[in-house]
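Chemist: Quick one: the structure is below, questions incoming.
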Amino acid sequence: MHALAAAALVFFTAAAAQAATPMQPGEYTVQTRGNNGPLEVTVTVSKDAIKDIKIGKNYETDYIAGEPMKQIAKRVIETQNLYLDGISGATRSTEALLVAVGAAVVKAGGDEQDFVKKPVKLDPASLPVV
């Protein structure tokens with residue numbers, strides 16, 4: 001078990017050591033194509049983090065996509081990750097939100113890849129036997 005914890009620590013330490021492209025702090029409004037039309041999103045960023053996401057004017061069906069988009073926005077802020085699954089039933093709307101947040105990061109001078117943290121697949125055969 002200790003070897004697995006040590007491997008995880010090394011992975012997360014290496015990931016944290018990667019320098020993010022600094023962003024110009026501020027609010028950035030982006031418009032992208034949602035499921036039913038334009039979707040406006042305002043993203044607040046600091047030098048190195050996504051701080052807030054506000055969903056603005058849009059043509060999404062509120063009772064279908066409203067809550068899922070709020071959930072995705074919350075998860076992006078909590079995890080600082082744009083590599084999230086869309087929410088079933090509102091897939092296009094939630095994916096459009098992720099695209100808009102990535103565009104806002106770029107607009108702020110950052111690199112959206114700094115916020116794309118794909119899970120690492122481990123081969124169970126490579127793990128130590130405890």
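In the structure tokens, each chain is lettered A, B, ... as it comes, each chain's residues begin at 1, and ligands are numbered from 1 in order of appearance.
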Enumerate as a VMD selection string all residues of chain A assigned to strand (DSSP E or B) by DSSP on the backbone, naming them with the chain letters and numbers the document uses.
Modeler: chain A and resid 26 to 33 38 to 45 50 to 58
Chemist: Could those residues be written to a file, using C-alpha atoms, as a short mmCIF file (atom, residue, chain, number, x, y, z; two decimals), in the first residue's frame?
Modeler:
```
data_model
loop_
_atom_site.label_atom_id
_atom_site.label_comp_id
_atom_site.auth_asym_id
_atom_site.auth_seq_id
_atom_site.Cartn_x
_atom_site.Cartn_y
_atom_site.Cartn_z
CA GLY A 26 -9.93 39.73 -14.75
CA GLU A 27 -13.33 38.86 -16.20
CA TYR A 28 -13.59 37.52 -19.71
CA THR A 29 -16.85 37.08 -21.62
CA VAL A 30 -16.99 34.52 -24.40
CA GLN A 31 -19.80 33.48 -26.68
CA THR A 32 -19.91 29.99 -28.13
CA ARG A 33 -22.47 27.78 -29.83
CA PRO A 38 -25.43 31.24 -28.71
CA LEU A 39 -24.23 30.66 -25.14
CA GLU A 40 -22.57 33.54 -23.30
CA VAL A 41 -20.21 32.76 -20.43
CA THR A 42 -18.23 35.14 -18.23
CA VAL A 43 -15.17 33.67 -16.55
CA THR A 44 -13.18 35.33 -13.79
CA VAL A 45 -9.54 34.27 -13.58
CA ILE A 50 -10.33 29.88 -12.74
CA LYS A 51 -12.16 31.70 -9.93
CA ASP A 52 -15.76 32.07 -11.14
CA ILE A 53 -17.99 31.09 -14.05
CA LYS A 54 -21.23 32.91 -14.80
CA ILE A 55 -23.63 31.59 -17.39
CA GLY A 56 -25.11 34.54 -19.25
CA LYS A 57 -27.59 34.93 -22.05
CA ASN A 58 -28.36 31.64 -23.75
#
```
Chemist: Check the DSSP output for the backbone and give back, as a VMD selection string, the residues of region 52-123 of chain A in helix (DSSP H, G or I).
Modeler: chain A and resid 62 to 79 91 to 107 112 to 115
Chemist: Calculate how many Å separate CA of Ala96 (chain A) from CA of Met23 (chain A), rounding to one decimal.
Modeler: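 Those two atoms sit 21.6 Å apart.
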Chemist: Between CA of Val130 (chain A) and CA of Lys118 (chain A), what distance in Å does the model show, to one decimal?
Modeler: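 Separating CA of Val130 (chain A) from CA of Lys118 (chain A) is a distance of 27.2 Å.
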Chemist: Which of these, A:Ser88, A:Ala100, A:Gln24, A:Pro119, has the shortest distance to Glu67 (chain A) once you count only C-alpha atoms?
Modeler: A:Ser88
Chemist: One decimal, Å: what's the distance from CA of Ala20 (chain A) over to CA of Ser93 (chain A), could you say?
Modeler: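 Separation between CA of Ala20 (chain A) and CA of Ser93 (chain A): 27.4 Å.
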